[in-house]
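Engineer: Here you go, structure-v1.cif (mmCIF, C-alpha atoms):
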data_run
loop_
_atom_site.label_atom_id
_atom_site.label_comp_id
_atom_site.auth_asym_id
_atom_site.auth_seq_id
_atom_site.Cartn_x
_atom_site.Cartn_y
_atom_site.Cartn_z
CA MET A 198 65.01 -161.82 86.58
CA SER A 199 67.57 -159.86 88.64
CA LEU A 200 66.90 -160.36 92.31
CA PRO A 201 67.37 -157.65 94.92
CA ASN A 202 70.55 -157.69 96.92
CA LEU A 203 72.38 -155.54 99.48
CA LYS A 204 75.74 -155.36 97.71
CA TYR A 205 75.58 -151.61 97.05
CA ILE A 206 74.43 -150.84 100.58
CA LYS A 207 77.18 -152.99 102.07
CA ASP A 208 79.83 -151.38 99.84
CA LEU A 209 78.53 -147.97 100.80
CA SER A 210 78.48 -148.67 104.50
CA GLY A 211 82.01 -150.04 104.59
CA GLY A 212 80.94 -152.32 107.43
CA ASP A 213 79.08 -149.63 109.36
CA GLU A 214 76.13 -151.74 110.52
CA ALA A 215 74.34 -148.83 112.16
CA PHE A 216 74.28 -147.04 108.82
CA GLU A 217 73.08 -150.19 107.05
CA GLN A 218 70.18 -150.53 109.47
CA LYS A 219 69.31 -146.86 109.22
CA PHE A 220 69.35 -147.01 105.44
CA LEU A 221 67.27 -150.18 105.25
CA THR A 222 64.71 -148.60 107.54
CA ILE A 223 64.48 -145.66 105.15
CA LEU A 224 63.97 -148.03 102.22
CA LYS A 225 61.31 -149.94 104.12
CA ASP A 226 59.54 -146.69 104.95
CA GLU A 227 59.84 -145.00 101.56
CA PHE A 228 59.16 -147.88 99.23
CA PRO A 229 55.58 -148.74 100.29
CA VAL A 230 54.66 -145.04 100.18
CA GLU A 231 56.05 -144.73 96.68
CA ARG A 232 54.32 -147.91 95.60
CA ARG A 233 50.96 -146.60 96.83
CA ALA A 234 51.61 -143.28 95.10
CA TYR A 235 52.29 -145.18 91.88
CA GLU A 236 49.13 -147.25 92.19
CA THR A 237 47.02 -144.17 92.88
CA ALA A 238 48.52 -142.28 89.96
CA LEU A 239 47.88 -145.25 87.72
CA GLU A 240 44.29 -145.69 88.85
CA ASN A 241 43.67 -142.05 88.01
CA ARG A 242 45.61 -142.36 84.77
CA GLU A 243 47.78 -139.41 85.82
CA GLN A 244 50.55 -139.46 83.28
CA ASP A 245 52.91 -136.91 84.91
CA ALA A 246 52.49 -138.28 88.42
CA SER A 247 53.04 -141.88 87.23
CA CYS A 248 56.12 -140.82 85.35
CA ALA A 249 57.55 -138.95 88.34
CA ILE A 250 57.05 -141.85 90.73
CA VAL A 251 58.49 -144.42 88.30
CA HIS A 252 61.51 -142.17 87.95
CA LYS A 253 61.91 -142.11 91.71
CA MET A 254 61.43 -145.86 92.11
CA LYS A 255 64.02 -146.74 89.51
CA HIS A 256 66.64 -145.36 91.87
CA LYS A 257 65.53 -147.92 94.46
CA PHE A 258 65.95 -150.71 91.88
CA ASN A 259 69.46 -149.44 91.27
CA ILE A 260 70.28 -149.38 94.97
CA LEU A 261 69.07 -152.97 95.27
CA GLY A 262 71.14 -154.07 92.26
CA MET A 263 68.08 -154.94 90.13
CA GLU A 264 69.38 -154.22 86.65
CA GLU A 265 66.46 -155.74 84.78
CA ALA A 266 63.94 -153.87 86.91
CA TYR A 267 65.90 -150.66 86.39
CA GLU A 268 65.88 -151.12 82.60
CA CYS A 269 62.14 -151.81 82.76
CA ALA A 270 61.60 -148.59 84.74
CA VAL A 271 63.71 -146.53 82.33
CA SER A 272 61.72 -147.84 79.39
CA TYR A 273 58.38 -147.46 81.20
CA GLU A 274 59.21 -143.88 82.17
CA LYS A 275 59.78 -143.03 78.51
CA ASP A 276 56.52 -144.75 77.54
CA LEU A 277 54.65 -142.80 80.21
CA LEU A 278 55.97 -139.56 78.74
CA GLU A 279 54.28 -140.67 75.53
CA GLY A 280 51.09 -141.54 77.41
CA SER A 281 51.44 -145.34 77.33
CA PHE A 282 50.75 -147.35 80.49
CA ASP A 283 51.37 -150.69 78.77
CA LYS A 284 54.35 -151.73 80.89
CA ASP A 285 52.36 -151.49 84.14
CA GLU A 286 52.05 -155.26 84.52
CA GLU A 287 55.78 -155.88 84.08
CA PHE A 288 56.62 -152.99 86.40
CA ARG A 289 54.31 -154.32 89.13
CA VAL A 290 56.12 -157.66 89.08
CA HIS A 291 59.32 -155.83 90.05
CA LEU A 292 57.45 -153.85 92.71
CA GLY A 293 56.22 -157.14 94.15
CA THR A 294 59.75 -158.53 94.19
CA VAL A 295 61.08 -155.52 96.12
CA THR A 296 58.16 -155.55 98.56
CA HIS A 297 58.76 -159.24 99.30
CA PHE A 298 62.50 -158.67 99.69
CA LEU A 299 62.08 -155.74 102.09
CA ASN A 300 59.62 -157.76 104.14
CA THR A 301 62.21 -160.46 104.65
CA LEU A 302 64.80 -158.05 106.10
CA MET B 36 83.95 -127.06 103.14
CA THR B 37 80.24 -126.69 103.87
CA CYS B 38 77.43 -128.07 101.79
CA ILE B 39 73.70 -128.63 101.55
CA ILE B 40 71.90 -131.55 99.91
CA VAL B 41 68.77 -131.01 97.83
CA ASP B 42 66.89 -134.15 96.81
CA ASP B 43 63.25 -135.15 97.19
CA GLU B 44 64.24 -138.71 98.18
CA LEU B 45 65.36 -139.33 101.74
CA ALA B 46 67.30 -142.43 100.64
CA ALA B 47 69.27 -140.37 98.12
CA ARG B 48 70.01 -137.63 100.67
CA THR B 49 71.14 -140.25 103.18
CA ILE B 50 73.60 -141.71 100.69
CA VAL B 51 75.19 -138.33 99.92
CA SER B 52 75.28 -137.37 103.57
CA HIS B 53 76.95 -140.67 104.47
CA LEU B 54 79.53 -140.24 101.70
CA CYS B 55 80.31 -136.70 102.93
CA SER B 56 81.06 -137.93 106.41
CA ASP B 57 82.90 -140.99 105.12
CA VAL B 58 85.16 -139.17 102.70
CA GLY B 59 85.68 -136.22 105.02
CA GLY B 60 86.37 -132.57 104.47
CA VAL B 61 82.72 -131.73 103.85
CA THR B 62 80.23 -130.68 106.49
CA VAL B 63 76.56 -131.08 105.65
CA LEU B 64 74.80 -128.00 107.03
CA ALA B 65 71.29 -128.92 105.95
CA GLU B 66 69.21 -131.23 103.76
CA PHE B 67 66.13 -130.25 101.76
CA ASP B 68 63.50 -132.35 100.02
CA ASN B 69 62.52 -129.49 97.71
CA ALA B 70 64.22 -126.65 95.90
CA ILE B 71 62.06 -123.86 97.30
CA ASP B 72 63.17 -124.49 100.90
CA ALA B 73 66.77 -124.66 99.73
CA ILE B 74 66.44 -121.25 98.08
CA LYS B 75 65.01 -119.79 101.29
CA TYR B 76 67.99 -121.21 103.19
CA LEU B 77 70.49 -119.84 100.68
CA ASN B 78 68.95 -116.40 101.02
CA GLN B 79 70.10 -116.46 104.64
CA TYR B 80 73.23 -118.58 104.68
CA GLN B 81 76.27 -119.08 102.51
CA VAL B 82 77.56 -122.53 101.60
CA ASP B 83 80.51 -123.74 99.57
CA LEU B 84 78.79 -126.55 97.73
CA ILE B 85 75.34 -127.86 96.82
CA PHE B 86 74.53 -131.45 95.93
CA LEU B 87 71.50 -130.99 93.75
CA ASP B 88 69.10 -133.56 92.34
CA ILE B 89 68.02 -132.51 88.86
CA HIS B 90 64.76 -134.43 88.76
CA MET B 91 62.43 -133.19 91.47
CA PRO B 92 58.69 -132.72 91.15
CA GLY B 93 57.44 -129.20 90.55
CA PHE B 94 60.47 -126.96 90.83
CA THR B 95 63.28 -128.97 89.26
CA GLY B 96 66.99 -128.80 89.92
CA MET B 97 67.56 -126.91 86.69
CA ASP B 98 64.85 -124.40 87.62
CA PHE B 99 66.68 -124.02 90.91
CA VAL B 100 70.04 -123.43 89.20
CA GLN B 101 68.54 -120.66 87.10
CA THR B 102 67.26 -118.77 90.14
CA LEU B 103 70.67 -118.53 91.85
CA LYS B 104 72.23 -115.10 91.64
CA ASN B 105 75.46 -115.90 93.46
CA PRO B 106 75.76 -119.65 93.20
CA PRO B 107 78.31 -121.72 95.09
CA LYS B 108 79.83 -124.76 93.46
CA ILE B 109 77.18 -127.29 92.50
CA VAL B 110 77.35 -131.04 91.95
CA LEU B 111 74.35 -132.45 90.13
CA THR B 112 72.98 -135.81 91.15
CA THR B 113 70.86 -137.64 88.63
CA SER B 114 69.48 -141.00 87.63
CA ASP B 115 69.65 -140.05 83.96
CA THR B 116 72.92 -139.53 82.14
CA GLU B 117 71.00 -137.64 79.46
CA PHE B 118 70.77 -134.66 81.79
CA ALA B 119 74.52 -134.66 82.35
CA ILE B 120 74.94 -132.35 79.37
CA ALA B 121 73.38 -129.64 81.49
CA ALA B 122 76.41 -129.83 83.76
CA TYR B 123 78.51 -128.15 81.13
CA GLU B 124 76.20 -125.20 80.74
CA TYR B 125 77.23 -123.40 83.89
CA ALA B 126 80.67 -122.54 85.23
CA PHE B 127 79.60 -123.26 88.80
CA ILE B 128 78.42 -126.82 88.05
CA VAL B 129 81.56 -128.70 88.85
CA ASP B 130 80.48 -132.29 88.35
CA TYR B 131 77.51 -134.63 88.05
CA LEU B 132 77.01 -137.92 89.84
CA VAL B 133 74.86 -140.68 88.41
CA LYS B 134 72.86 -142.57 91.04
CA PRO B 135 73.51 -144.84 92.78
CA ILE B 136 76.67 -142.98 93.75
CA THR B 137 79.66 -145.11 94.64
CA LYS B 138 82.32 -144.13 97.14
CA GLU B 139 85.04 -144.21 94.44
CA ARG B 140 83.09 -141.89 92.17
CA PHE B 141 82.27 -139.58 95.07
CA GLU B 142 85.97 -139.29 95.98
CA LYS B 143 86.79 -138.33 92.39
CA CYS B 144 84.01 -135.79 92.51
CA MET B 145 85.36 -134.19 95.67
CA ALA B 146 88.82 -133.98 94.10
CA LYS B 147 87.19 -132.20 91.17
CA VAL B 148 85.39 -129.83 93.50
CA ALA B 149 88.64 -129.04 95.31
CA ALA B 150 90.47 -128.47 92.03
CA SER B 151 87.75 -126.29 90.54
CA THR B 152 88.85 -122.72 89.99
CA PHE B 153 85.32 -121.43 90.49
CA GLN B 154 85.45 -119.37 93.66
CA GLY B 155 81.82 -119.63 94.74
CA PRO B 156 79.50 -116.74 95.58
CA GLY B 157 80.58 -113.57 93.86
CA ASP B 158 82.69 -115.34 91.23
CA GLY B 159 80.40 -115.07 88.26
CA ASP B 160 76.95 -113.90 89.12
CA LYS B 161 75.43 -115.61 86.14
CA PRO B 162 75.73 -118.84 84.22
CA SER B 163 78.54 -118.89 81.68
CA THR B 164 76.07 -118.91 78.82
CA SER B 165 74.32 -115.81 79.99
CA GLY B 166 75.38 -112.25 79.76
CA ASN B 167 75.10 -112.47 75.98
CA GLU B 168 78.75 -113.43 75.80
CA VAL B 169 79.44 -117.01 74.77
CA GLY B 170 78.00 -120.15 73.26
CA SER B 171 76.34 -120.92 69.99
CA ASP B 172 73.34 -122.69 71.35
CA LEU B 173 70.63 -122.76 73.98
CA TYR B 174 68.91 -125.62 75.77
CA ILE B 175 65.18 -125.44 76.31
CA ASN B 176 63.17 -127.64 78.63
CA ILE B 177 60.28 -129.35 76.85
CA ASP B 178 58.45 -132.09 78.77
CA ARG B 179 61.51 -132.77 80.92
CA ARG B 180 63.81 -133.05 77.92
CA LEU B 181 66.54 -130.55 77.29
CA ILE B 182 66.45 -129.70 73.61
CA LYS B 183 69.40 -127.97 72.01
CA LEU B 184 68.70 -125.05 69.72
CA HIS B 185 71.41 -123.39 67.66
CA PHE B 186 71.11 -119.63 67.80
CA GLN B 187 71.51 -119.47 64.04
CA ASP B 188 68.40 -121.65 63.58
CA ILE B 189 66.16 -119.36 65.62
CA LEU B 190 64.08 -116.99 63.53
CA VAL B 191 61.64 -115.26 65.85
CA ILE B 192 60.64 -115.50 69.51
CA GLU B 193 57.14 -114.42 70.37
CA ALA B 194 55.64 -113.78 73.82
CA GLN B 195 52.37 -115.67 74.36
CA GLY B 196 51.08 -115.03 77.87
CA ASP B 197 53.11 -117.10 80.33
CA TYR B 198 54.86 -118.82 77.42
CA ILE B 199 57.11 -117.95 74.55
CA LEU B 200 56.94 -119.43 71.06
CA ILE B 201 60.36 -120.04 69.56
CA LYS B 202 60.18 -120.31 65.79
CA THR B 203 63.18 -122.00 64.22
CA THR B 204 64.05 -122.98 60.68
CA LYS B 205 62.87 -126.53 61.45
CA LYS B 206 60.22 -126.44 64.13
CA ASN B 207 58.35 -124.27 66.63
CA TYR B 208 58.71 -124.73 70.40
CA LYS B 209 56.45 -123.42 73.15
CA VAL B 210 58.34 -122.85 76.40
CA HIS B 211 57.09 -121.73 79.82
CA THR B 212 59.20 -118.62 80.39
CA THR B 213 59.26 -114.94 79.58
CA LEU B 214 60.72 -112.95 76.73
CA LYS B 215 62.87 -111.07 79.23
CA LYS B 216 64.42 -114.28 80.58
CA ILE B 217 65.30 -115.71 77.18
CA ASN B 218 66.62 -112.35 76.03
CA GLU B 219 69.26 -112.57 78.75
CA LYS B 220 70.48 -115.85 77.24
CA LEU B 221 70.71 -114.66 73.64
CA PRO B 222 73.80 -113.10 72.05
CA ASN B 223 73.33 -109.40 71.34
CA GLY B 224 75.17 -109.83 68.09
CA ILE B 225 72.30 -111.45 66.22
CA PHE B 226 69.17 -110.96 68.33
CA LEU B 227 67.18 -107.84 68.94
CA GLN B 228 63.87 -107.11 70.60
CA ILE B 229 61.88 -105.04 68.11
CA HIS B 230 58.53 -105.11 69.89
CA ARG B 231 57.41 -105.86 73.43
CA SER B 232 56.21 -109.27 72.21
CA TYR B 233 58.93 -110.11 69.69
CA ILE B 234 62.64 -110.83 69.56
CA ILE B 235 64.08 -111.45 66.12
CA ASN B 236 67.25 -112.91 64.70
CA PHE B 237 68.04 -109.91 62.56
CA THR B 238 70.45 -111.84 60.35
CA LYS B 239 67.31 -113.58 59.03
CA ILE B 240 65.49 -110.45 57.90
CA ILE B 241 64.34 -110.60 54.31
CA ASP B 242 63.04 -107.05 54.13
CA ILE B 243 61.71 -104.20 56.20
CA GLU B 244 58.62 -102.35 55.19
CA ASP B 245 57.05 -99.48 57.11
CA ASN B 246 56.70 -100.78 60.66
CA SER B 247 57.29 -104.48 60.10
CA VAL B 248 60.04 -106.91 59.20
CA LEU B 249 59.70 -110.07 57.13
CA ILE B 250 61.52 -113.19 58.33
CA GLU B 251 60.71 -116.21 56.19
CA LYS B 252 56.90 -116.06 56.19
CA ASN B 253 56.61 -114.17 59.47
CA VAL B 254 55.64 -110.53 59.44
CA ILE B 255 56.81 -109.00 62.72
CA PRO B 256 55.74 -105.55 63.92
CA ILE B 257 58.39 -103.03 64.94
CA SER B 258 57.48 -100.80 67.83
CA ARG B 259 58.26 -97.12 67.53
CA SER B 260 60.60 -97.20 70.52
CA ASN B 261 62.63 -100.16 69.20
CA ARG B 262 62.92 -98.97 65.62
CA PRO B 263 65.99 -96.67 66.10
CA GLU B 264 67.99 -99.56 67.66
CA LEU B 265 67.12 -101.83 64.74
CA MET B 266 68.12 -99.20 62.20
CA THR B 267 71.51 -98.66 63.83
CA ARG B 268 72.20 -102.41 63.61
CA LEU B 269 71.60 -102.58 59.88
CA ASN B 270 74.36 -102.14 57.36
CA LEU B 271 72.56 -99.39 55.50
CA LEU B 272 73.84 -98.10 52.18
#
So, in terms of structure tokens, how does the structure I just supplied come out?
Structural biologist:
Amino acid sequence: MSLPNLKYIKDLSGGDEAFEQKFLTILKDEFPVERRAYETALENREQDASCAIVHKMKHKFNILGMEEAYECAVSYEKDLLEGSFDKDEEFRVHLGTVTHFLNTL
Amino acid sequence: MTCIIVDDELAARTIVSHLCSDVGGVTVLAEFDNAIDAIKYLNQYQVDLIFLDIHMPGFTGMDFVQTLKNPPKIVLTTSDTEFAIAAYEYAFIVDYLVKPITKERFEKCMAKVAASTFQGPGDGDKPSTSGNEVGSDLYINIDRRLIKLHFQDILVIEAQGDYILIKTTKKNYKVHTTLKKINEKLPNGIFLQIHRSYIINFTKIIDIEDNSVLIEKNVIPISRSNRPELMTRLNLL
């Protein structure tokens, strides 16, 4: 499994630590909100809302260099468009990984 | 150069904003997390460039693009390369950036923006495919997918309340728009509105009888007011 890393953020910042901190704070703020939105949408079996939030979260996977998680999200988003929630379990594993990673920062 | 950033994700807006200040030459005037607020802003202020996320809930980036009467240059930002095709549909869409955006790619994008001959507001009030001038196809948005339709495959377009039904040689598509809006995107050369609820591809007419035309198995009424226009288009013996 691809583990989260800060390579993209560091490349982007060009050594600007203030920007890195600001950006990580945004990630730490946004991610839990998005995760809750996903869980709520899933509980209610809201296909469009689930799809929209998975789409949004895949960008976070990309930022954190999680290729496997990104591929999972791309595939899950397509499945959700067809009404299938089958990849929920796999997707939640990646959500857990990101949550743990952000908590360590 | 001035710009605004439209993206529902704060993280995504922060990245673009940082790249603007890092690369230089672009001043971010405002950021918006939805297209509606951006439209309100653009009704009051002029900008040179918009960084626009395609995939936003509710009113999408492509919906936004279609509402602009005097668009500035636009750079699309997207997580899906499949939407990149849309970038070539409008003269004012200068480039598209796939997220996560790297500094190198952003610099290339800004060079493209600077080299673009599109002059911004006033230089082309409408998308290049509108005005019934160019193109042989049309993209329709069905469940967040842009589906390409060749004009020559379209038979009939019927108004159905808030939707239109596009009947093609292969399949029918129901799209949330109006007959008036799609009419603006169709070439005059082959399409004609013959009734308040119908636009036809008149190259597909099989015959005309009394006040109706036959196109494949579709019998379409002709309104009295539209009949003279139809008759002048026909190569009558």
Engineer: Choose the residue, out of A:Lys275, A:Arg232, A:Lys225, A:His291, that has the smallest atom-to-atom separation from Leu200 of chain A; count only C-alpha atoms.
Structural biologist: A:His291
Engineer: Step by step, work through what the PyMOL selection byres ((chain B and resi 97) around 12) selects in the shown file, and finish by giving those residues as a ChimeraX atom specification.
Structural biologist: /B:41,70,87-96,98-103,109-113,118-122,124-125,128,162,174-176,179-181
Engineer: Could you check which of B:His230, B:Val210, B:Ala150, B:Glu251 is closest to Asp188 of chain B, using all atoms listed in the file?
Structural biologist: B:Glu251
Engineer: Determine the residue membership of the PyMOL selection byres ((chain A) within 10 of (chain B)) for the file above and supply it as number ranges by chain.
Structural biologist: A: 205-206, 208-211, 216, 219-224, 226-228, 245-246, 249-250, 252-262, 271, 278
Engineer: Glu66 of chain B: which residues within 9 Å, counting only C-alpha atoms, same-chain residues fewer than 4 positions away excluded, as a list of chain:residue names?
Structural biologist: B:Ile39, B:Ile40, B:Val41, B:Asp42, B:Arg48, B:Ser52, B:Ala73
Engineer: Hey, what's within 8 Å of Lys147 of chain B if we count all atoms listed in the file and toss same-chain stuff fewer than 3 positions away? As a ChimeraX atom specification, please?
Structural biologist: /B:129-130,143-144,150-151
Engineer: Filtering to C-alpha atoms, could you give me those residues as a short mmCIF file (atom, residue, chain, number, x, y, z; two decimals), in the coordinates of the input?
Structural biologist:
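Written out: part35.cif:
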data_model
loop_
_atom_site.label_atom_id
_atom_site.label_comp_id
_atom_site.auth_asym_id
_atom_site.auth_seq_id
_atom_site.Cartn_x
_atom_site.Cartn_y
_atom_site.Cartn_z
CA VAL B 129 81.56 -128.70 88.85
CA ASP B 130 80.48 -132.29 88.35
CA LYS B 143 86.79 -138.33 92.39
CA CYS B 144 84.01 -135.79 92.51
CA ALA B 150 90.47 -128.47 92.03
CA SER B 151 87.75 -126.29 90.54
#
Engineer: Anything within 12 Å of (57.1, -115.6, 59.5): list those residues as a PDB file with C-alpha atoms, keeping the file's coordinate frame, counting only C-alpha atoms and sticking to the file's coordinates.
Structural biologist:
ATOM      1  CA  ILE B 189      66.160-119.360  65.620  1.00  0.00           C
ATOM      2  CA  LEU B 190      64.080-116.990  63.530  1.00  0.00           C
ATOM      3  CA  VAL B 191      61.640-115.260  65.850  1.00  0.00           C
ATOM      4  CA  ILE B 192      60.640-115.500  69.510  1.00  0.00           C
ATOM      5  CA  GLU B 193      57.140-114.420  70.370  1.00  0.00           C
ATOM      6  CA  ILE B 201      60.360-120.040  69.560  1.00  0.00           C
ATOM      7  CA  LYS B 202      60.180-120.310  65.790  1.00  0.00           C
ATOM      8  CA  THR B 203      63.180-122.000  64.220  1.00  0.00           C
ATOM      9  CA  THR B 204      64.050-122.980  60.680  1.00  0.00           C
ATOM     10  CA  ASN B 207      58.350-124.270  66.630  1.00  0.00           C
ATOM     11  CA  TYR B 233      58.930-110.110  69.690  1.00  0.00           C
ATOM     12  CA  ILE B 235      64.080-111.450  66.120  1.00  0.00           C
ATOM     13  CA  ASN B 236      67.250-112.910  64.700  1.00  0.00           C
ATOM     14  CA  LYS B 239      67.310-113.580  59.030  1.00  0.00           C
ATOM     15  CA  ILE B 240      65.490-110.450  57.900  1.00  0.00           C
ATOM     16  CA  ILE B 241      64.340-110.600  54.310  1.00  0.00           C
ATOM     17  CA  ASP B 242      63.040-107.050  54.130  1.00  0.00           C
ATOM     18  CA  SER B 247      57.290-104.480  60.100  1.00  0.00           C
ATOM     19  CA  VAL B 248      60.040-106.910  59.200  1.00  0.00           C
ATOM     20  CA  LEU B 249      59.700-110.070  57.130  1.00  0.00           C
ATOM     21  CA  ILE B 250      61.520-113.190  58.330  1.00  0.00           C
ATOM     22  CA  GLU B 251      60.710-116.210  56.190  1.00  0.00           C
ATOM     23  CA  LYS B 252      56.900-116.060  56.190  1.00  0.00           C
ATOM     24  CA  ASN B 253      56.610-114.170  59.470  1.00  0.00           C
ATOM     25  CA  VAL B 254      55.640-110.530  59.440  1.00  0.00           C
ATOM     26  CA  ILE B 255      56.810-109.000  62.720  1.00  0.00           C
ATOM     27  CA  PRO B 256      55.740-105.550  63.920  1.00  0.00           C
TER      28      PRO B 256
END
Engineer: Work out how far atom CA of Tyr208 of chain B is from atom CA of Leu239 of chain A, in Å to one decimal.
Structural biologist: 29.0 Å
Engineer: Near Lys108 of chain B, counting only C-alpha atoms, which residues have an atom at most 8 Å away, once you skip same-chain residues fewer than 6 positions from it, shown as JSON, numbers by chain?
Structural biologist: {"B": [83, 84, 85, 127, 128, 129, 148, 153, 154, 155]}
